[in-house]
Amino acid sequence: METQRLLPSAQNIAYAAELLRKGNLAGIPTETVYGLAANALDEEAVKNIFVVKGRPQDNPLIAHIADMDMLPIVANDIPQEAYLLAEAFWPGPLTMVLPRSRNVADVVCAGLATVGVRMPSHKVAREVIRAAGVPLAMPSANLSGSPSPTTAYHVYTDLQGKIPLILDGGASEVGVESTVVSLVGKPTVLRPGFVTVQQIEEVLGRKVEVAEAVLHPLAKGEKAASPGMMYKHYAPKAEITILQGSADAYVQYVNDHAEQDVWALCFESEKERIQAPAVTYGDEDDPASQAAALFNALRLLDDKGARRVYAHAPLLDGVGLAVYNRLLRAASFRVLEV
Ligand code: TXA
Ligand code: MG
């Protein structure tokens with residue numbers, strides 16, 4: 001099949017919505033990363049998402065809505081705290097795990113009694129959902145195991161020939177996937193993102209847990225609260241090692257180990273001092289800039305044929321936790337103190 005790449009004109013948005021209503025898939029821009037959309041109420045359409053991505057069937061998808069009217073279509077027994085978080089962070093990069101409704105295709109929830117729900121802020125994403133008139137299941141539009149796509153080009157690289165349409169809405173502003181917070185039981189962040197743990201705590205006025213899997217590999221046989229945390233995600237082909245320490249210590253270590261095929265994944269301010277080829281991912285003191293740049297940087301390292309990469313660890317607070325969480329997975333949890 002030919003994969004069309006179209007600008008998100010009113011006409012092309014209507015075309016995307018028509019494809020989706022007929023049970024087809026489409027690549028759609030969102031403010032976090034590009035999504036691979038299907039009608040969340042159509043079992044057959046959603047099954048195709050798993051086929052196209054090569055995604056394990058036990059990893060549930062997020063149902064995306066355009067307006068609060070759509071929330072009761074996908075979720076039941078919605079707790080008051082969900083409305084507080086919606087008021088504060090929707091539309092935007094927050095996914096809430098809630099008790100599921102029977103309307104949602106079973107494959108979306110991967111056998112769980114819950115569903116992840118998000119109202120994206122990206123204008124094109126919301127217009128496509130509105131025009132389709134149904135909630136859309138949308139995982140990141142990458143092949144399972146490769147870094148999430150932050151441009152239409154990334155989607156095309158991974159999925160060309162497998163889907164009919166990608167709407168090109170430019171680069172995703174946030175750059176890492178949404179924060180996933182479970183409101184079933186104690187509020188728990190299952191995946192960190194641009195909306196921070198502290199921000200959620202402020203709105204709820206109480207402590208929010210952070211799932212163990214955010215910063216640690218699961219022990220063998222351990223069950224993840226968020227199945228997506230089980231898989232080696234965001235993984236480039238290169239072997240990445242994260243170096244934790246000051247800029248000076250990082251630069252020194254890389255320069256001491258700058259053999260053939262060694263690359264640096266560093267901050268802008270470090271690049272000049274590094275005696276190895278380097279790809280940057282934002283500024284040391286600006287985690288939002290790191291989030292926006294990380295996935296493109298990982299893809300770039302693969303394009304350059306990097307075999308071994310030393311990445312400088314970001315700071316862990318605020319949005320930095322999301323950046324570190326993705327980098328840890330890309331590095332298969334290899335971390336060195338320097
Ligand atoms: O920013 C995003 O969330 C992007 C854009 C396209 O909206 N989507 C995205 O979807 O990242 P995906 O499928 O790549 O990641 C969904 C994550 C997975 O880690 C999955 O396990 C978790 O959310 N998840 C979904 N439904 C869940 C549920 N009912 N319970 C626990 N975790 C769930
Ligand atoms: Mg994904």
# chains A, B, ... in the order shown; residues from 1 in each chain; ligands from 1
call {"tool": "residues_around", "arguments": {"residues": "Leu7 in chain A", "least_positions_apart": "5", "cutoff": "12 Å", "atoms": "only C-alpha atoms", "output": "list in words"}}
result
Asn12, Ile13, Ala14, Tyr15, Ala16, Gly27, Ile28, Pro29, Val124, Ala152, Leu165, Ile166, Leu167, Asp168, Gly169 and Gly170 of chain A
call {"tool": "closest_atom_pairs", "arguments": {"of": "chain A", "to": "ligand 2", "cutoff": "7 Å", "atoms": "only C-alpha atoms and all ligand atoms", "output": "CSV"}}
result
residue,atom,partner,partner_atom_place_in_ligand_line,distance
A:Pro139,CA,ligand 2,1 (Mg),5.4
A:Ser140,CA,ligand 2,1 (Mg),4.3
A:Ser148,CA,ligand 2,1 (Mg),6.0
call {"tool": "residues_near_ligand", "arguments": {"ligand": "ligand 1", "cutoff": "8 Å", "atoms": "only C-alpha atoms and all ligand atoms", "output": "count of residues only"}}
result
49
call {"tool": "closest_residue", "arguments": {"among": "A:Leu328, A:Val52, A:Ala278, A:Ile240", "to": "Asp158 in chain A", "atoms": "only C-alpha atoms"}}
result
A:Val52
call {"tool": "residues_around", "arguments": {"residues": "Cys266 in chain A", "least_positions_apart": "2", "cutoff": "8 Å", "atoms": "only C-alpha atoms", "output": "list in words"}}
result
Ala264, Glu268, Glu270, Lys271, Ala278, Val279, Thr280, Tyr281, Ala311 and His312 of chain A
call {"tool": "write_last_selection", "arguments": {"atoms": "all heavy atoms", "output": "compact mmCIF listing (two decimals), in the first residue's frame"}}
result
# COMPACT_ATOMS: atom_id res chain seq x y z
N ALA A 264 29.17 10.35 21.52
CA ALA A 264 28.65 10.98 22.73
C ALA A 264 27.22 11.44 22.48
O ALA A 264 26.89 11.90 21.39
CB ALA A 264 29.51 12.18 23.11
N GLU A 268 24.28 20.54 24.79
CA GLU A 268 24.85 21.54 23.88
C GLU A 268 26.18 22.09 24.39
O GLU A 268 27.16 22.18 23.65
CB GLU A 268 23.88 22.71 23.68
CG GLU A 268 22.61 22.36 22.94
CD GLU A 268 22.82 21.99 21.48
OE1 GLU A 268 23.91 22.28 20.93
OE2 GLU A 268 21.90 21.38 20.90
N GLU A 270 28.42 20.93 26.16
CA GLU A 270 29.54 20.00 26.31
C GLU A 270 30.19 19.64 24.98
O GLU A 270 31.32 19.16 24.94
CB GLU A 270 29.04 18.71 27.00
CG GLU A 270 28.55 18.95 28.41
CD GLU A 270 27.65 17.83 28.93
OE1 GLU A 270 27.16 17.00 28.13
OE2 GLU A 270 27.43 17.80 30.16
N LYS A 271 29.43 19.86 23.91
CA LYS A 271 29.82 19.31 22.61
C LYS A 271 31.23 19.70 22.18
O LYS A 271 31.99 18.85 21.70
CB LYS A 271 28.81 19.75 21.56
CG LYS A 271 29.01 19.04 20.23
CD LYS A 271 27.91 19.31 19.25
CE LYS A 271 28.21 18.54 17.97
NZ LYS A 271 27.19 18.72 16.96
N ALA A 278 29.63 13.62 18.24
CA ALA A 278 28.61 13.81 19.28
C ALA A 278 27.27 14.23 18.69
O ALA A 278 27.21 14.93 17.68
CB ALA A 278 29.08 14.87 20.28
N VAL A 279 26.21 13.76 19.33
CA VAL A 279 24.85 14.21 19.04
C VAL A 279 24.35 14.85 20.33
O VAL A 279 24.58 14.31 21.42
CB VAL A 279 23.95 13.02 18.63
CG1 VAL A 279 22.49 13.40 18.64
CG2 VAL A 279 24.37 12.51 17.25
N THR A 280 23.70 16.00 20.23
CA THR A 280 23.25 16.68 21.46
C THR A 280 21.77 16.42 21.71
O THR A 280 21.01 16.11 20.79
CB THR A 280 23.47 18.19 21.38
OG1 THR A 280 22.72 18.71 20.29
CG2 THR A 280 24.95 18.52 21.20
N TYR A 281 21.38 16.54 22.97
CA TYR A 281 19.94 16.49 23.29
C TYR A 281 19.58 17.58 24.29
O TYR A 281 19.26 17.33 25.43
CB TYR A 281 19.50 15.09 23.70
CG TYR A 281 19.81 14.61 25.10
CD1 TYR A 281 18.79 14.44 26.04
CD2 TYR A 281 21.11 14.28 25.49
CE1 TYR A 281 19.05 13.96 27.32
CE2 TYR A 281 21.37 13.81 26.76
CZ TYR A 281 20.34 13.66 27.67
OH TYR A 281 20.59 13.19 28.94
N ALA A 311 26.08 8.46 27.06
CA ALA A 311 25.09 9.52 27.23
C ALA A 311 25.28 10.18 28.58
O ALA A 311 25.48 9.50 29.59
CB ALA A 311 23.68 8.93 27.13
N HIS A 312 25.20 11.51 28.62
CA HIS A 312 25.27 12.19 29.91
C HIS A 312 23.88 12.20 30.54
O HIS A 312 22.92 12.63 29.92
CB HIS A 312 25.80 13.62 29.74
CG HIS A 312 26.21 14.22 31.05
ND1 HIS A 312 26.61 15.53 31.18
CD2 HIS A 312 26.28 13.68 32.31
CE1 HIS A 312 26.89 15.77 32.46
NE2 HIS A 312 26.70 14.67 33.15
call {"tool": "residues_around", "arguments": {"residues": "Val335 in chain A", "least_positions_apart": "4", "cutoff": "8 Å", "atoms": "only C-alpha atoms", "output": "VMD selection string"}}
result
chain A and resid 241 to 244 328 331
call {"tool": "residues_around", "arguments": {"residues": "range 20-25 of chain A", "least_positions_apart": "5", "cutoff": "10 Å", "atoms": "only C-alpha atoms", "output": "MDAnalysis selection string"}}
result
chainID A and resid 14:15 36:46 48:49 52 128:129 131:134 136:138 162:166
call {"tool": "residues_around", "arguments": {"residues": "Val197 in chain A", "least_positions_apart": "3", "cutoff": "8 Å", "atoms": "only C-alpha atoms", "output": "MDAnalysis selection string"}}
result
chainID A and resid 189 192 200:201 208 210 318
call {"tool": "write_last_selection", "arguments": {"atoms": "all heavy atoms", "output": "mmCIF file, in the first residue's frame"}}
result
data_model
loop_
_atom_site.group_PDB
_atom_site.id
_atom_site.type_symbol
_atom_site.label_atom_id
_atom_site.label_comp_id
_atom_site.auth_asym_id
_atom_site.auth_seq_id
_atom_site.Cartn_x
_atom_site.Cartn_y
_atom_site.Cartn_z
ATOM 1 N N VAL A 189 1.853 7.272 39.512
ATOM 2 C CA VAL A 189 2.415 7.567 38.195
ATOM 3 C C VAL A 189 3.088 6.306 37.665
ATOM 4 O O VAL A 189 4.011 5.771 38.265
ATOM 5 C CB VAL A 189 3.403 8.753 38.252
ATOM 6 C CG1 VAL A 189 4.201 8.862 36.954
ATOM 7 C CG2 VAL A 189 2.642 10.055 38.517
ATOM 8 N N PRO A 192 6.404 8.553 33.765
ATOM 9 C CA PRO A 192 6.575 9.998 33.927
ATOM 10 C C PRO A 192 6.547 10.703 32.572
ATOM 11 O O PRO A 192 6.880 10.102 31.556
ATOM 12 C CB PRO A 192 7.962 10.114 34.576
ATOM 13 C CG PRO A 192 8.694 8.888 34.144
ATOM 14 C CD PRO A 192 7.672 7.804 33.936
ATOM 15 N N ILE A 200 0.976 16.999 39.785
ATOM 16 C CA ILE A 200 -0.200 16.173 40.074
ATOM 17 C C ILE A 200 -0.491 16.209 41.576
ATOM 18 O O ILE A 200 -1.645 16.343 42.000
ATOM 19 C CB ILE A 200 0.011 14.722 39.581
ATOM 20 C CG1 ILE A 200 0.146 14.715 38.049
ATOM 21 C CG2 ILE A 200 -1.131 13.810 40.024
ATOM 22 C CD1 ILE A 200 0.548 13.378 37.466
ATOM 23 N N GLU A 201 0.564 16.123 42.396
ATOM 24 C CA GLU A 201 0.382 16.179 43.855
ATOM 25 C C GLU A 201 -0.246 17.505 44.278
ATOM 26 O O GLU A 201 -1.116 17.536 45.157
ATOM 27 C CB GLU A 201 1.722 15.973 44.565
ATOM 28 C CG GLU A 201 2.170 14.527 44.511
ATOM 29 C CD GLU A 201 3.510 14.267 45.210
ATOM 30 O OE1 GLU A 201 4.317 15.213 45.326
ATOM 31 O OE2 GLU A 201 3.725 13.114 45.615
ATOM 32 N N VAL A 208 1.482 11.304 45.723
ATOM 33 C CA VAL A 208 1.261 10.418 44.583
ATOM 34 C C VAL A 208 2.431 9.446 44.499
ATOM 35 O O VAL A 208 3.590 9.851 44.601
ATOM 36 C CB VAL A 208 1.130 11.261 43.292
ATOM 37 C CG1 VAL A 208 1.192 10.395 42.049
ATOM 38 C CG2 VAL A 208 -0.150 12.089 43.314
ATOM 39 N N VAL A 210 5.042 6.699 42.802
ATOM 40 C CA VAL A 210 5.684 6.517 41.495
ATOM 41 C C VAL A 210 6.014 5.030 41.376
ATOM 42 O O VAL A 210 6.650 4.461 42.261
ATOM 43 C CB VAL A 210 6.962 7.363 41.370
ATOM 44 C CG1 VAL A 210 7.660 7.094 40.034
ATOM 45 C CG2 VAL A 210 6.640 8.851 41.508
ATOM 46 N N GLY A 318 11.464 17.094 38.157
ATOM 47 C CA GLY A 318 10.536 17.648 37.166
ATOM 48 C C GLY A 318 10.485 16.805 35.910
ATOM 49 O O GLY A 318 10.401 15.579 35.971
#
call {"tool": "select_by_dssp", "arguments": {"residues": "range 2-212 of chain A", "states": "helix (DSSP H, G or I)", "output": "short mmCIF file (atom, residue, chain, number, x, y, z; two decimals) with N, CA, C and O atoms, in the first residue's frame"}}
result
data_model
loop_
_atom_site.label_atom_id
_atom_site.label_comp_id
_atom_site.auth_asym_id
_atom_site.auth_seq_id
_atom_site.Cartn_x
_atom_site.Cartn_y
_atom_site.Cartn_z
N ALA A 10 -8.01 21.33 6.22
CA ALA A 10 -9.36 20.90 6.62
C ALA A 10 -9.79 19.69 5.79
O ALA A 10 -10.35 18.72 6.32
N GLN A 11 -9.48 19.74 4.52
CA GLN A 11 -9.86 18.64 3.62
C GLN A 11 -9.15 17.34 4.02
O GLN A 11 -9.77 16.27 4.05
N ASN A 12 -7.85 17.44 4.33
CA ASN A 12 -7.10 16.22 4.66
C ASN A 12 -7.46 15.68 6.04
O ASN A 12 -7.39 14.47 6.28
N ILE A 13 -7.84 16.57 6.94
CA ILE A 13 -8.33 16.12 8.24
C ILE A 13 -9.64 15.34 8.06
O ILE A 13 -9.83 14.28 8.66
N ALA A 14 -10.50 15.86 7.21
CA ALA A 14 -11.76 15.16 6.92
C ALA A 14 -11.48 13.80 6.28
O ALA A 14 -12.14 12.80 6.60
N TYR A 15 -10.47 13.73 5.43
CA TYR A 15 -10.09 12.48 4.77
C TYR A 15 -9.57 11.47 5.81
O TYR A 15 -9.95 10.29 5.80
N ALA A 16 -8.73 11.96 6.72
CA ALA A 16 -8.21 11.07 7.78
C ALA A 16 -9.37 10.51 8.60
O ALA A 16 -9.41 9.31 8.91
N ALA A 17 -10.31 11.38 8.96
CA ALA A 17 -11.46 10.95 9.77
C ALA A 17 -12.28 9.90 9.03
O ALA A 17 -12.74 8.92 9.63
N GLU A 18 -12.41 10.09 7.73
CA GLU A 18 -13.19 9.13 6.94
C GLU A 18 -12.49 7.77 6.91
O GLU A 18 -13.12 6.72 7.11
N LEU A 19 -11.17 7.79 6.71
CA LEU A 19 -10.40 6.53 6.74
C LEU A 19 -10.61 5.82 8.08
O LEU A 19 -10.82 4.61 8.14
N LEU A 20 -10.52 6.60 9.16
CA LEU A 20 -10.63 6.01 10.50
C LEU A 20 -12.02 5.43 10.74
O LEU A 20 -12.15 4.33 11.29
N ARG A 21 -13.03 6.14 10.30
CA ARG A 21 -14.40 5.63 10.47
C ARG A 21 -14.61 4.33 9.71
O ARG A 21 -15.40 3.48 10.10
N GLU A 43 -13.02 -3.25 17.17
CA GLU A 43 -12.07 -4.32 17.53
C GLU A 43 -11.10 -4.65 16.38
O GLU A 43 -9.89 -4.74 16.59
N GLU A 44 -11.64 -4.83 15.18
CA GLU A 44 -10.80 -5.23 14.04
C GLU A 44 -9.78 -4.15 13.70
O GLU A 44 -8.61 -4.43 13.43
N ALA A 45 -10.23 -2.89 13.72
CA ALA A 45 -9.32 -1.78 13.39
C ALA A 45 -8.19 -1.72 14.41
O ALA A 45 -7.02 -1.55 14.05
N VAL A 46 -8.53 -1.88 15.69
CA VAL A 46 -7.51 -1.77 16.74
C VAL A 46 -6.53 -2.95 16.67
O VAL A 46 -5.33 -2.78 16.88
N LYS A 47 -7.05 -4.13 16.33
CA LYS A 47 -6.16 -5.30 16.19
C LYS A 47 -5.05 -5.01 15.19
O LYS A 47 -3.90 -5.43 15.34
N ASN A 48 -5.43 -4.28 14.15
CA ASN A 48 -4.47 -3.97 13.09
C ASN A 48 -3.31 -3.09 13.59
O ASN A 48 -2.19 -3.17 13.07
N ILE A 49 -3.57 -2.27 14.61
CA ILE A 49 -2.50 -1.46 15.21
C ILE A 49 -1.38 -2.37 15.71
O ILE A 49 -0.19 -2.13 15.49
N PHE A 50 -1.79 -3.46 16.40
CA PHE A 50 -0.80 -4.38 16.98
C PHE A 50 0.01 -5.07 15.87
O PHE A 50 1.22 -5.27 16.00
N VAL A 51 -0.69 -5.40 14.77
CA VAL A 51 -0.01 -6.06 13.65
C VAL A 51 1.00 -5.11 13.03
O VAL A 51 2.17 -5.45 12.83
N VAL A 52 0.56 -3.88 12.72
CA VAL A 52 1.40 -2.92 12.01
C VAL A 52 2.64 -2.54 12.84
O VAL A 52 3.74 -2.40 12.33
N LYS A 53 2.46 -2.38 14.16
CA LYS A 53 3.57 -1.99 15.03
C LYS A 53 4.45 -3.15 15.45
O LYS A 53 5.55 -2.97 15.94
N MET A 68 -14.82 16.59 26.91
CA MET A 68 -15.24 15.87 28.12
C MET A 68 -16.48 15.00 27.85
O MET A 68 -16.69 13.99 28.51
N ASP A 69 -17.31 15.38 26.87
CA ASP A 69 -18.48 14.55 26.51
C ASP A 69 -18.09 13.13 26.15
O ASP A 69 -18.90 12.20 26.28
N MET A 70 -16.88 12.97 25.63
CA MET A 70 -16.45 11.64 25.18
C MET A 70 -15.96 10.76 26.33
O MET A 70 -15.83 9.54 26.16
N LEU A 71 -15.67 11.38 27.49
CA LEU A 71 -15.08 10.61 28.59
C LEU A 71 -15.96 9.42 29.03
O LEU A 71 -15.47 8.30 29.15
N PRO A 72 -17.28 9.65 29.24
CA PRO A 72 -18.13 8.52 29.66
C PRO A 72 -18.31 7.44 28.59
O PRO A 72 -18.80 6.36 28.90
N ILE A 73 -17.92 7.73 27.36
CA ILE A 73 -17.99 6.67 26.33
C ILE A 73 -16.93 5.60 26.61
O ILE A 73 -17.16 4.42 26.39
N VAL A 74 -15.79 6.03 27.15
CA VAL A 74 -14.68 5.08 27.32
C VAL A 74 -14.47 4.63 28.77
O VAL A 74 -13.92 3.56 29.02
N GLN A 80 -13.80 11.54 41.38
CA GLN A 80 -13.75 13.00 41.41
C GLN A 80 -12.35 13.52 41.06
O GLN A 80 -12.21 14.55 40.41
N GLU A 81 -11.34 12.80 41.50
CA GLU A 81 -9.97 13.26 41.25
C GLU A 81 -9.65 13.33 39.76
O GLU A 81 -8.82 14.14 39.33
N ALA A 82 -10.33 12.52 38.96
CA ALA A 82 -10.11 12.57 37.51
C ALA A 82 -10.56 13.92 36.95
O ALA A 82 -9.91 14.49 36.06
N TYR A 83 -11.66 14.44 37.50
CA TYR A 83 -12.14 15.74 37.03
C TYR A 83 -11.19 16.86 37.44
O TYR A 83 -10.98 17.81 36.70
N LEU A 84 -10.60 16.72 38.64
CA LEU A 84 -9.62 17.73 39.08
C LEU A 84 -8.41 17.75 38.13
O LEU A 84 -7.95 18.81 37.72
N LEU A 85 -7.92 16.55 37.79
CA LEU A 85 -6.75 16.49 36.91
C LEU A 85 -7.10 16.94 35.49
O LEU A 85 -6.30 17.60 34.82
N ALA A 86 -8.30 16.60 35.04
CA ALA A 86 -8.74 17.02 33.70
C ALA A 86 -8.80 18.54 33.63
O ALA A 86 -8.32 19.16 32.67
N GLU A 87 -9.36 19.13 34.69
CA GLU A 87 -9.46 20.59 34.75
C GLU A 87 -8.07 21.24 34.67
O GLU A 87 -7.88 22.23 33.98
N ALA A 88 -7.11 20.64 35.35
CA ALA A 88 -5.77 21.22 35.41
C ALA A 88 -4.92 20.93 34.16
O ALA A 88 -4.17 21.79 33.71
N PHE A 89 -5.05 19.73 33.60
CA PHE A 89 -4.05 19.31 32.60
C PHE A 89 -4.61 18.94 31.23
O PHE A 89 -3.84 18.62 30.31
N ASP A 106 -12.09 -4.62 23.36
CA ASP A 106 -11.32 -5.35 24.37
C ASP A 106 -9.82 -5.25 24.14
O ASP A 106 -9.04 -5.12 25.09
N VAL A 107 -9.41 -5.31 22.89
CA VAL A 107 -7.96 -5.27 22.60
C VAL A 107 -7.30 -3.97 23.05
O VAL A 107 -6.11 -3.94 23.33
N VAL A 108 -8.07 -2.88 23.12
CA VAL A 108 -7.50 -1.60 23.59
C VAL A 108 -6.97 -1.78 25.01
O VAL A 108 -5.89 -1.30 25.35
N CYS A 109 -7.74 -2.47 25.84
CA CYS A 109 -7.41 -2.61 27.27
C CYS A 109 -6.56 -3.85 27.55
O CYS A 109 -6.15 -4.06 28.69
N LYS A 123 -3.90 20.67 18.02
CA LYS A 123 -5.10 21.08 17.28
C LYS A 123 -5.50 20.01 16.25
O LYS A 123 -6.68 19.68 16.11
N VAL A 124 -4.53 19.48 15.53
CA VAL A 124 -4.84 18.51 14.48
C VAL A 124 -5.40 17.23 15.09
O VAL A 124 -6.40 16.67 14.62
N ALA A 125 -4.79 16.77 16.18
CA ALA A 125 -5.27 15.54 16.83
C ALA A 125 -6.73 15.72 17.26
O ALA A 125 -7.58 14.85 17.02
N ARG A 126 -7.01 16.83 17.89
CA ARG A 126 -8.39 17.05 18.36
C ARG A 126 -9.37 17.17 17.21
O ARG A 126 -10.49 16.67 17.28
N GLU A 127 -8.95 17.84 16.14
CA GLU A 127 -9.86 17.98 14.99
C GLU A 127 -10.12 16.63 14.33
O GLU A 127 -11.25 16.35 13.90
N VAL A 128 -9.12 15.78 14.26
CA VAL A 128 -9.33 14.45 13.67
C VAL A 128 -10.29 13.64 14.54
O VAL A 128 -11.22 13.00 14.03
N ILE A 129 -10.11 13.69 15.87
CA ILE A 129 -11.01 12.94 16.75
C ILE A 129 -12.44 13.46 16.60
O ILE A 129 -13.39 12.68 16.45
N ARG A 130 -12.58 14.78 16.61
CA ARG A 130 -13.92 15.38 16.46
C ARG A 130 -14.57 14.96 15.15
O ARG A 130 -15.73 14.58 15.10
N ALA A 131 -13.79 15.05 14.07
CA ALA A 131 -14.34 14.74 12.75
C ALA A 131 -14.69 13.26 12.65
O ALA A 131 -15.68 12.89 12.02
N ALA A 132 -13.88 12.40 13.29
CA ALA A 132 -14.17 10.96 13.26
C ALA A 132 -15.40 10.67 14.13
O ALA A 132 -16.14 9.73 13.86
N ALA A 152 6.73 13.49 11.28
CA ALA A 152 6.04 12.65 10.29
C ALA A 152 7.07 11.78 9.55
O ALA A 152 6.78 10.65 9.16
N TYR A 153 8.27 12.32 9.40
CA TYR A 153 9.34 11.56 8.73
C TYR A 153 9.69 10.29 9.52
O TYR A 153 9.89 9.22 8.94
N HIS A 154 9.76 10.42 10.85
CA HIS A 154 10.03 9.22 11.68
C HIS A 154 8.93 8.17 11.46
O HIS A 154 9.23 6.97 11.37
N VAL A 155 7.68 8.62 11.41
CA VAL A 155 6.57 7.69 11.21
C VAL A 155 6.72 7.00 9.85
O VAL A 155 6.58 5.78 9.73
N TYR A 156 7.04 7.81 8.85
CA TYR A 156 7.19 7.27 7.49
C TYR A 156 8.32 6.24 7.45
O TYR A 156 8.18 5.17 6.86
N THR A 157 9.42 6.54 8.13
CA THR A 157 10.56 5.62 8.17
C THR A 157 10.14 4.26 8.71
O THR A 157 10.52 3.22 8.19
N ASP A 158 9.34 4.28 9.78
CA ASP A 158 8.95 3.02 10.44
C ASP A 158 7.78 2.31 9.74
O ASP A 158 7.75 1.08 9.70
N LEU A 159 6.82 3.07 9.22
CA LEU A 159 5.54 2.44 8.83
C LEU A 159 5.19 2.59 7.36
O LEU A 159 4.07 2.26 6.95
N VAL A 197 5.17 14.73 38.57
CA VAL A 197 4.61 14.15 39.79
C VAL A 197 4.21 15.27 40.76
O VAL A 197 3.13 15.26 41.35
N GLN A 198 5.09 16.26 40.90
CA GLN A 198 4.82 17.38 41.82
C GLN A 198 3.57 18.14 41.40
O GLN A 198 2.75 18.51 42.25
N GLN A 199 3.40 18.37 40.11
CA GLN A 199 2.21 19.09 39.63
C GLN A 199 0.94 18.31 39.94
O GLN A 199 -0.07 18.90 40.34
N ILE A 200 0.98 17.00 39.78
CA ILE A 200 -0.20 16.17 40.07
C ILE A 200 -0.49 16.21 41.58
O ILE A 200 -1.65 16.34 42.00
N GLU A 201 0.56 16.12 42.40
CA GLU A 201 0.38 16.18 43.86
C GLU A 201 -0.25 17.51 44.28
O GLU A 201 -1.12 17.54 45.16
N GLU A 202 0.19 18.58 43.64
CA GLU A 202 -0.37 19.89 43.99
C GLU A 202 -1.87 19.95 43.71
O GLU A 202 -2.64 20.45 44.53
N VAL A 203 -2.28 19.41 42.59
CA VAL A 203 -3.71 19.47 42.22
C VAL A 203 -4.53 18.54 43.12
O VAL A 203 -5.63 18.90 43.56
N LEU A 204 -4.00 17.36 43.41
CA LEU A 204 -4.78 16.40 44.22
C LEU A 204 -4.67 16.70 45.71
O LEU A 204 -5.46 16.21 46.51
N GLU A 212 7.55 1.53 40.79
CA GLU A 212 8.93 1.05 40.89
C GLU A 212 9.59 0.94 39.50
O GLU A 212 10.76 1.28 39.33
#
call {"tool": "residues_around", "arguments": {"residues": "Ser101 in chain A", "least_positions_apart": "2", "cutoff": "7 Å", "atoms": "only C-alpha atoms", "output": "list of chain:residue names"}}
result
A:Ile73, A:Val74, A:Ala75, A:Asn76, A:Pro99, A:Asn103, A:Val104
call {"tool": "write_last_selection", "arguments": {"atoms": "C-alpha atoms", "output": "CSV table (one decimal), in the first residue's frame"}}
result
chain,number,residue,atom,x,y,z
A,73,ILE,CA,-18.0,6.7,26.3
A,74,VAL,CA,-14.7,5.1,27.3
A,75,ALA,CA,-14.6,5.1,31.2
A,76,ASN,CA,-17.0,4.2,34.0
A,99,PRO,CA,-12.3,1.8,35.1
A,103,ASN,CA,-17.9,0.3,24.6
A,104,VAL,CA,-14.1,0.2,24.2
call {"tool": "atom_distance", "arguments": {"atom1": "CA of Gln275 in chain A", "atom2": "CA of Leu336 in chain A"}}
result
19.5 Å
call {"tool": "atom_distance", "arguments": {"atom1": "CA of Ala171 in chain A", "atom2": "CA of Glu284 in chain A"}}
result
21.3 Å
call {"tool": "atom_distance", "arguments": {"atom1": "CA of Pro91 in chain A", "atom2": "CA of Pro79 in chain A"}}
result
18.2 Å
call {"tool": "select_by_dssp", "arguments": {"residues": "range 156-201 of chain A", "states": "strand (DSSP E or B)", "output": "list in words"}}
result
Leu165, Ile166, Leu167, Thr179, Val180, Val181, Ser182, Thr188, Val189, Leu190 and Arg191 of chain A
call {"tool": "write_last_selection", "arguments": {"atoms": "N, CA, C and O atoms", "output": "mmCIF file, in the first residue's frame"}}
result
data_model
loop_
_atom_site.group_PDB
_atom_site.id
_atom_site.type_symbol
_atom_site.label_atom_id
_atom_site.label_comp_id
_atom_site.auth_asym_id
_atom_site.auth_seq_id
_atom_site.Cartn_x
_atom_site.Cartn_y
_atom_site.Cartn_z
ATOM 1 N N LEU A 165 -2.062 6.641 5.432
ATOM 2 C CA LEU A 165 -1.942 8.100 5.557
ATOM 3 C C LEU A 165 -1.171 8.526 6.805
ATOM 4 O O LEU A 165 -1.345 7.959 7.889
ATOM 5 N N ILE A 166 -0.338 9.551 6.616
ATOM 6 C CA ILE A 166 0.275 10.252 7.756
ATOM 7 C C ILE A 166 -0.036 11.736 7.580
ATOM 8 O O ILE A 166 0.230 12.301 6.513
ATOM 9 N N LEU A 167 -0.623 12.354 8.584
ATOM 10 C CA LEU A 167 -0.797 13.805 8.554
ATOM 11 C C LEU A 167 0.473 14.430 9.122
ATOM 12 O O LEU A 167 0.898 14.091 10.234
ATOM 13 N N THR A 179 2.481 11.621 30.477
ATOM 14 C CA THR A 179 2.513 11.087 31.835
ATOM 15 C C THR A 179 1.314 10.140 31.972
ATOM 16 O O THR A 179 0.203 10.496 31.585
ATOM 17 N N VAL A 180 1.547 8.921 32.494
ATOM 18 C CA VAL A 180 0.424 8.014 32.750
ATOM 19 C C VAL A 180 0.221 7.917 34.257
ATOM 20 O O VAL A 180 1.132 7.519 34.989
ATOM 21 N N VAL A 181 -0.967 8.327 34.733
ATOM 22 C CA VAL A 181 -1.267 8.237 36.157
ATOM 23 C C VAL A 181 -2.490 7.340 36.356
ATOM 24 O O VAL A 181 -3.498 7.504 35.676
ATOM 25 N N SER A 182 -2.371 6.377 37.239
ATOM 26 C CA SER A 182 -3.501 5.507 37.537
ATOM 27 C C SER A 182 -4.323 6.110 38.669
ATOM 28 O O SER A 182 -3.779 6.502 39.703
ATOM 29 N N THR A 188 -1.110 6.745 41.259
ATOM 30 C CA THR A 188 0.257 6.271 41.018
ATOM 31 C C THR A 188 0.706 6.660 39.613
ATOM 32 O O THR A 188 -0.014 6.391 38.647
ATOM 33 N N VAL A 189 1.853 7.272 39.512
ATOM 34 C CA VAL A 189 2.415 7.567 38.195
ATOM 35 C C VAL A 189 3.088 6.306 37.665
ATOM 36 O O VAL A 189 4.011 5.771 38.265
ATOM 37 N N LEU A 190 2.566 5.821 36.536
ATOM 38 C CA LEU A 190 3.093 4.605 35.932
ATOM 39 C C LEU A 190 4.171 4.927 34.901
ATOM 40 O O LEU A 190 5.057 4.130 34.640
ATOM 41 N N ARG A 191 4.039 6.110 34.289
ATOM 42 C CA ARG A 191 5.044 6.552 33.313
ATOM 43 C C ARG A 191 5.188 8.057 33.474
ATOM 44 O O ARG A 191 4.208 8.782 33.367
#
